[in-house]
$ cat work.txt   # compact mmCIF, C-alpha atoms
# COMPACT_ATOMS: atom_id res chain seq x y z
CA MET A 1 0.59 -16.98 -4.25
CA ALA A 2 -2.79 -15.21 -4.30
CA SER A 3 -2.46 -14.26 -0.63
CA PHE A 4 0.96 -12.72 -1.26
CA LEU A 5 -0.36 -10.78 -4.27
CA MET A 6 -3.28 -9.46 -2.22
CA VAL A 7 -1.00 -8.13 0.51
CA ALA A 8 1.49 -6.76 -2.03
CA SER A 9 -1.30 -4.96 -3.89
CA GLY A 10 -2.50 -3.44 -0.64
CA ILE A 11 1.00 -2.18 0.12
CA LEU A 12 1.17 -0.60 -3.34
CA CYS A 13 -2.14 1.16 -2.68
CA LEU A 14 -0.89 2.44 0.67
CA THR A 15 2.34 3.68 -0.91
CA GLY A 16 0.42 5.55 -3.60
CA ALA A 17 -1.95 7.04 -1.03
CA VAL A 18 0.98 8.29 1.06
CA ALA A 19 2.58 9.76 -2.06
CA SER A 20 -0.66 11.58 -2.93
CA LYS A 21 -0.74 13.10 0.58
CA GLY A 22 -4.46 12.50 1.00
CA ARG A 23 -5.35 11.59 4.57
CA PRO A 24 -8.70 9.88 3.78
CA ALA A 25 -6.99 7.79 1.10
CA ILE A 26 -4.20 6.85 3.52
CA VAL A 27 -6.70 5.76 6.19
CA ALA A 28 -8.73 3.75 3.67
CA ALA A 29 -5.62 2.09 2.25
CA THR A 30 -4.46 1.21 5.76
CA VAL A 31 -7.79 -0.50 6.43
CA MET A 32 -7.39 -2.38 3.16
CA VAL A 33 -3.87 -3.58 4.00
CA LEU A 34 -4.96 -4.79 7.43
CA ALA A 35 -7.94 -6.58 5.87
CA MET A 36 -5.78 -8.32 3.27
CA ILE A 37 -3.20 -9.43 5.84
CA ASP A 38 -5.88 -10.84 8.11
CA LEU A 39 -7.81 -12.54 5.30
CA ALA A 40 -4.68 -14.00 3.75
CA TYR A 41 -2.80 -15.20 6.81
CA ALA A 42 -4.35 -14.57 10.23
CA ALA A 43 -8.15 -14.97 9.86
CA LEU A 44 -8.72 -13.30 13.23
CA VAL A 45 -11.60 -11.08 12.10
CA PRO A 46 -14.68 -12.43 10.27
CA PRO A 47 -14.79 -11.50 6.56
CA VAL A 48 -18.14 -9.76 7.05
CA VAL A 49 -16.47 -7.28 9.43
CA TRP A 50 -13.75 -6.48 6.92
CA SER A 51 -16.38 -6.20 4.19
CA GLY A 52 -18.25 -3.62 6.24
CA ALA A 53 -15.02 -1.75 6.99
CA LEU A 54 -14.09 -1.58 3.29
CA LEU A 55 -17.59 -0.44 2.37
CA PHE A 56 -17.46 2.24 5.04
CA ALA A 57 -14.04 3.36 3.77
CA GLY A 58 -15.40 3.72 0.25
CA LEU A 59 -18.39 5.73 1.47
CA CYS A 60 -16.09 8.02 3.46
CA LEU A 61 -13.95 8.60 0.38
CA ALA A 62 -17.05 9.43 -1.66
CA VAL A 63 -18.25 11.91 0.99
CA PHE A 64 -14.81 13.51 1.13
CA LEU A 65 -14.69 13.84 -2.65
CA ARG A 66 -18.11 15.46 -2.73
CA ALA A 67 -17.13 17.89 0.03
CA SER A 68 -13.81 18.79 -1.59
CA SER A 69 -15.45 19.31 -5.00
CA ARG A 70 -17.43 22.23 -3.65
CA ALA A 71 -15.18 25.17 -4.37
CA PRO A 72 -15.42 28.04 -1.87
CA SER A 73 -16.78 31.34 -3.09
CA PRO A 74 -14.01 33.81 -4.00
CA ARG A 75 -13.36 36.57 -1.51
CA ARG A 76 -13.41 40.17 -2.54
CA SER A 77 -9.96 41.73 -2.50
CA PRO A 78 -9.33 45.37 -1.60
CA ALA A 79 -8.51 46.04 -5.25
CA LEU A 80 -12.14 45.38 -6.19
CA VAL A 81 -13.40 47.98 -3.74
CA THR A 82 -11.41 50.87 -5.19
CA SER A 83 -13.42 53.42 -7.13
CA GLY A 84 -12.69 56.08 -9.67
CA ALA A 85 -10.45 55.90 -12.67
CA GLY A 86 -7.96 53.63 -10.95
CA GLY A 87 -10.67 51.21 -9.90
CA VAL A 88 -10.76 49.33 -13.20
CA SER A 89 -7.02 48.83 -13.36
CA GLY A 90 -6.96 47.82 -9.70
CA SER A 91 -9.71 45.31 -10.37
CA GLU A 92 -7.80 43.88 -13.32
CA ASP A 93 -4.63 43.63 -11.22
CA GLY A 94 -6.59 41.83 -8.51
CA ARG A 95 -7.95 39.35 -11.04
CA ALA A 96 -4.48 38.73 -12.41
CA VAL A 97 -3.07 38.12 -8.94
CA ARG A 98 -5.91 35.78 -8.02
CA SER A 99 -5.62 33.85 -11.28
CA SER A 100 -1.88 33.41 -10.83
CA ILE A 101 -2.36 32.24 -7.24
CA ALA A 102 -5.11 29.83 -8.33
CA SER A 103 -2.93 28.44 -11.11
CA ASP A 104 -0.04 27.95 -8.70
CA ARG A 105 -2.34 26.10 -6.30
CA CYS A 106 -3.66 23.90 -9.09
CA VAL A 107 -0.12 23.05 -10.21
CA SER A 108 0.94 22.18 -6.68
CA ARG A 109 -2.14 20.02 -6.16
CA ALA A 110 -1.62 18.29 -9.50
CA ASP A 111 1.94 17.47 -8.52
CA SER A 112 0.99 15.73 -5.28
CA HIS A 113 -2.66 14.64 -5.30
CA SER A 114 -4.25 12.08 -7.54
CA GLY A 115 -6.62 13.26 -10.24
CA PRO A 116 -10.39 13.38 -9.74
CA THR A 117 -11.01 10.42 -12.03
CA ALA A 118 -8.55 8.23 -10.12
CA ALA A 119 -10.06 9.34 -6.81
CA VAL A 120 -13.58 8.46 -7.98
CA LEU A 121 -12.43 5.07 -9.27
CA SER A 122 -10.68 4.45 -5.97
CA ALA A 123 -13.88 5.21 -4.06
CA ILE A 124 -15.79 2.83 -6.34
CA THR A 125 -13.20 0.08 -5.90
CA TYR A 126 -13.70 -0.18 -2.15
CA PRO A 127 -17.34 -1.37 -2.35
CA VAL A 128 -16.27 -3.84 -5.04
CA MET A 129 -13.58 -5.19 -2.74
CA ALA A 130 -16.14 -5.32 0.08
CA TRP A 131 -18.37 -7.54 -2.06
CA GLN A 132 -15.40 -9.72 -3.02
CA VAL A 133 -14.42 -10.16 0.64
CA LEU A 134 -18.02 -11.01 1.54
CA ASN A 135 -18.22 -13.45 -1.35
CA HIS A 136 -14.95 -15.03 -0.22
CA GLY A 137 -16.33 -15.46 3.28
CA ALA A 138 -19.51 -17.04 1.90
CA HIS A 139 -17.47 -19.52 -0.14
CA MET A 140 -15.35 -20.40 2.88
CA SER A 141 -18.39 -20.99 5.08
CA GLY A 142 -20.17 -22.85 2.27
CA SER A 143 -17.24 -25.23 1.84
CA THR A 144 -17.37 -26.14 5.51
CA HIS A 145 -21.10 -26.88 5.32
CA ALA A 146 -21.03 -28.58 1.93
CA GLY A 147 -22.54 -31.86 3.05
CA GLY A 148 -25.93 -33.10 1.97
CA HIS A 149 -27.98 -29.98 1.17
CA GLU A 150 -28.51 -30.44 -2.57
CA ALA A 151 -32.24 -29.80 -2.86
CA GLY A 152 -34.08 -29.33 -6.13
CA GLY A 153 -34.74 -25.61 -5.59
CA HIS A 154 -31.07 -25.05 -5.03
CA GLY A 155 -30.44 -24.91 -8.77
CA HIS A 156 -32.49 -21.73 -9.21
CA HIS A 157 -30.55 -20.06 -6.42
CA ALA A 158 -27.27 -21.14 -7.98
CA GLY A 159 -28.37 -19.66 -11.29
CA ASP A 160 -29.09 -16.31 -9.67
CA MET A 161 -25.71 -16.31 -7.97
CA SER A 162 -24.04 -17.20 -11.27
CA LEU A 163 -25.68 -14.19 -12.93
CA ILE A 164 -24.51 -11.90 -10.13
CA SER A 165 -21.02 -13.38 -10.33
CA THR A 166 -20.90 -12.79 -14.08
CA PHE A 167 -21.97 -9.17 -13.67
CA LEU A 168 -19.37 -8.65 -10.95
CA THR A 169 -16.66 -10.20 -13.11
CA VAL A 170 -17.43 -7.83 -15.99
CA ALA A 171 -17.50 -4.87 -13.58
CA VAL A 172 -14.14 -5.90 -12.13
CA VAL A 173 -12.55 -6.15 -15.57
CA VAL A 174 -13.87 -2.74 -16.67
CA LEU A 175 -12.85 -1.12 -13.40
CA ALA A 176 -9.37 -2.66 -13.57
CA VAL A 177 -8.88 -1.37 -17.12
CA LEU A 178 -9.92 2.15 -16.08
CA LEU A 179 -7.57 2.04 -13.11
CA VAL A 180 -4.68 0.97 -15.36
CA ILE A 181 -5.47 3.88 -17.70
CA CYS A 182 -5.36 6.29 -14.76
CA ALA A 183 -2.08 4.76 -13.59
CA VAL A 184 -0.52 5.22 -17.02
CA HIS A 185 -1.82 8.79 -17.06
CA ASP A 186 -0.10 9.46 -13.73
CA ILE A 187 3.14 8.05 -15.10
CA VAL A 188 2.88 10.29 -18.16
CA ARG A 189 2.44 13.24 -15.80
CA ARG A 190 5.63 12.12 -14.02
CA ARG A 191 3.92 10.93 -10.84
CA PRO A 192 5.05 7.30 -10.65
CA LEU A 193 4.56 6.98 -6.89
CA VAL A 194 1.00 8.32 -7.07
CA SER A 195 0.25 5.84 -9.86
CA LEU A 196 0.97 2.96 -7.45
CA ASP A 197 -2.47 3.48 -5.90
CA CYS A 198 -4.23 2.71 -9.18
CA TRP A 199 -1.85 -0.14 -10.00
CA GLY A 200 -2.47 -1.68 -6.59
CA MET A 201 -6.24 -1.27 -6.83
CA ALA A 202 -6.36 -2.91 -10.26
CA ALA A 203 -4.16 -5.80 -9.16
CA MET A 204 -6.15 -6.25 -5.95
CA ILE A 205 -9.58 -6.68 -7.50
CA VAL A 206 -8.22 -8.90 -10.31
CA VAL A 207 -6.44 -11.20 -7.87
CA MET A 208 -9.42 -11.41 -5.55
CA GLN A 209 -11.77 -12.10 -8.44
CA PHE A 210 -9.80 -14.66 -10.42
CA LEU A 211 -7.05 -16.12 -8.23
CA HIS A 212 -8.32 -16.14 -4.66
$ encode --input "work.txt" --output "C-alpha cells"
Amino acid sequence: MASFLMVASGILCLTGAVASKGRPAIVAATVMVLAMIDLAYAALVPPVVWSGALLFAGLCLAVFLRASSRAPSPRRSPALVTSGAGGVSGSEDGRAVRSSIASDRCVSRADSHSGPTAAVLSAITYPVMAWQVLNHGAHMSGSTHAGGHEAGGHGHHAGDMSLISTFLTVAVVVLAVLLVICAVHDIVRRRPLVSLDCWGMAAMIVVMQFLH
C-alpha cells in the first residue's frame, strides 16, 4: 500500500508540474517519479544514488528560483526620450503602457505557474525526501546486518538517531501542512491542476515518513 501511495504521489507531483509549465519542476518531478518507482518495486539503483539525485534536484530548483526572482531592469521606451511640452504626457503614456503590459504578464503567469511560496516549499521538500530515501536505505541495510552487534555504546548512538528522527518528523508535519495550505490556495485561485504538485508533495513526505 505504501509503495503504491509513493508512486501515486509522484505522479500527482508530475501532473502539477506539467500544469504549471515549469521545466525545472517537470524535470525534478520526473526524477522523483523514477526514484519512487525504483524504490517501491524495482530496487535497481541504490537508495543513496536516488537520495543524491533528489538533493541535486532540490538545489537546482533553488538556484532557478533565485535566478528568476531577479527582475530585469526596465528598458527606456522612446516615449521617455521625448522632450518639450509633450515629453511629460509621452512619459506618462509610456508608464501606462508598461504597467498594463506588466499586469497582463503577471496575470498570465499567475494563471499557469505556481506561486512563489509553493515553489520555495517544493524546493525544500526535495532535500527532505532525499533524507527520507537515505534513511530508508539505511534501515534496509541495517535489517540485513541485524545480527549480534548490540554493544553498550550503541545506545548513545541510537539516542542521537532518535533525536534526529523526531526533529525530521516535526519538520515533515509542518512542511506537509504548509503544502496543503498552498494547494488549497491554488484551488481557491481556480488552478486545481497546479495544486496537484503541492498535494502530491505533502502526501509523498507523509507516506515516506509514517507508512514506508
$ residues_around --input "work.txt" --residues "A:Ala62" --least-positions-apart "3" --cutoff "6 Å" --atoms "all atoms listed in the file" --output "PyMOL selection string"
chain A and resi 59+65+123
$ residues_around --input "work.txt" --residues "A:Met36" --least-positions-apart "2" --cutoff "12 Å" --atoms "all atoms listed in the file" --output "PyMOL selection string"
chain A and resi 2-11+13+29-34+38-45+47+50-51+53-54+129-130+132-133+136+204-205+207-208+212
$ atom_distance --input "work.txt" --atom1 "atom CA of A:Ala28" --atom2 "atom CA of A:Tyr126"
8.6 Å
$ atom_distance --input "work.txt" --atom1 "atom CA of A:Ser195" --atom2 "atom CA of A:Ala183"
4.5 Å
$ closest_residue --input "work.txt" --among "A:Phe210, A:Ala118, A:Gly137, A:Ser165" --to "A:Val177" --atoms "all atoms listed in the file"
A:Ala118
$ atom_distance --input "work.txt" --atom1 "atom CA of A:Ser69" --atom2 "atom CA of A:Pro116"
9.1 Å
$ residues_around --input "work.txt" --residues "stretch 14-18 of chain A" --least-positions-apart "4" --cutoff "6 Å" --atoms "only C-alpha atoms" --output "list in words"
Ala25, Ile26, Ala29, Leu193, Val194, Leu196 and Asp197 of chain A
$ residues_near_point --input "work.txt" --point "(-15.7, 14.9, 1.3)" --cutoff "12 Å" --atoms "only C-alpha atoms" --output "VMD selection string"
chain A and resid 22 to 25 57 to 71 119 to 120 123
$ write_last_selection --input "work.txt" --atoms "C-alpha atoms" --output "mmCIF file, in the coordinates of the input"
data_model
loop_
_atom_site.group_PDB
_atom_site.id
_atom_site.type_symbol
_atom_site.label_atom_id
_atom_site.label_comp_id
_atom_site.auth_asym_id
_atom_site.auth_seq_id
_atom_site.Cartn_x
_atom_site.Cartn_y
_atom_site.Cartn_z
ATOM 1 C CA GLY A 22 -4.460 12.500 1.000
ATOM 2 C CA ARG A 23 -5.350 11.590 4.570
ATOM 3 C CA PRO A 24 -8.700 9.880 3.780
ATOM 4 C CA ALA A 25 -6.990 7.790 1.100
ATOM 5 C CA ALA A 57 -14.040 3.360 3.770
ATOM 6 C CA GLY A 58 -15.400 3.720 0.250
ATOM 7 C CA LEU A 59 -18.390 5.730 1.470
ATOM 8 C CA CYS A 60 -16.090 8.020 3.460
ATOM 9 C CA LEU A 61 -13.950 8.600 0.380
ATOM 10 C CA ALA A 62 -17.050 9.430 -1.660
ATOM 11 C CA VAL A 63 -18.250 11.910 0.990
ATOM 12 C CA PHE A 64 -14.810 13.510 1.130
ATOM 13 C CA LEU A 65 -14.690 13.840 -2.650
ATOM 14 C CA ARG A 66 -18.110 15.460 -2.730
ATOM 15 C CA ALA A 67 -17.130 17.890 0.030
ATOM 16 C CA SER A 68 -13.810 18.790 -1.590
ATOM 17 C CA SER A 69 -15.450 19.310 -5.000
ATOM 18 C CA ARG A 70 -17.430 22.230 -3.650
ATOM 19 C CA ALA A 71 -15.180 25.170 -4.370
ATOM 20 C CA ALA A 119 -10.060 9.340 -6.810
ATOM 21 C CA VAL A 120 -13.580 8.460 -7.980
ATOM 22 C CA ALA A 123 -13.880 5.210 -4.060
#
$ axis_aligned_box --input "work.txt" --around "stretch 52-71 of chain A" --padding-each-side "3 Å" --output "AutoDock Vina command-line options"
--center_x -16.1 --center_y 10.8 --center_z 1.0 --size_x 10.6 --size_y 34.8 --size_z 18.0
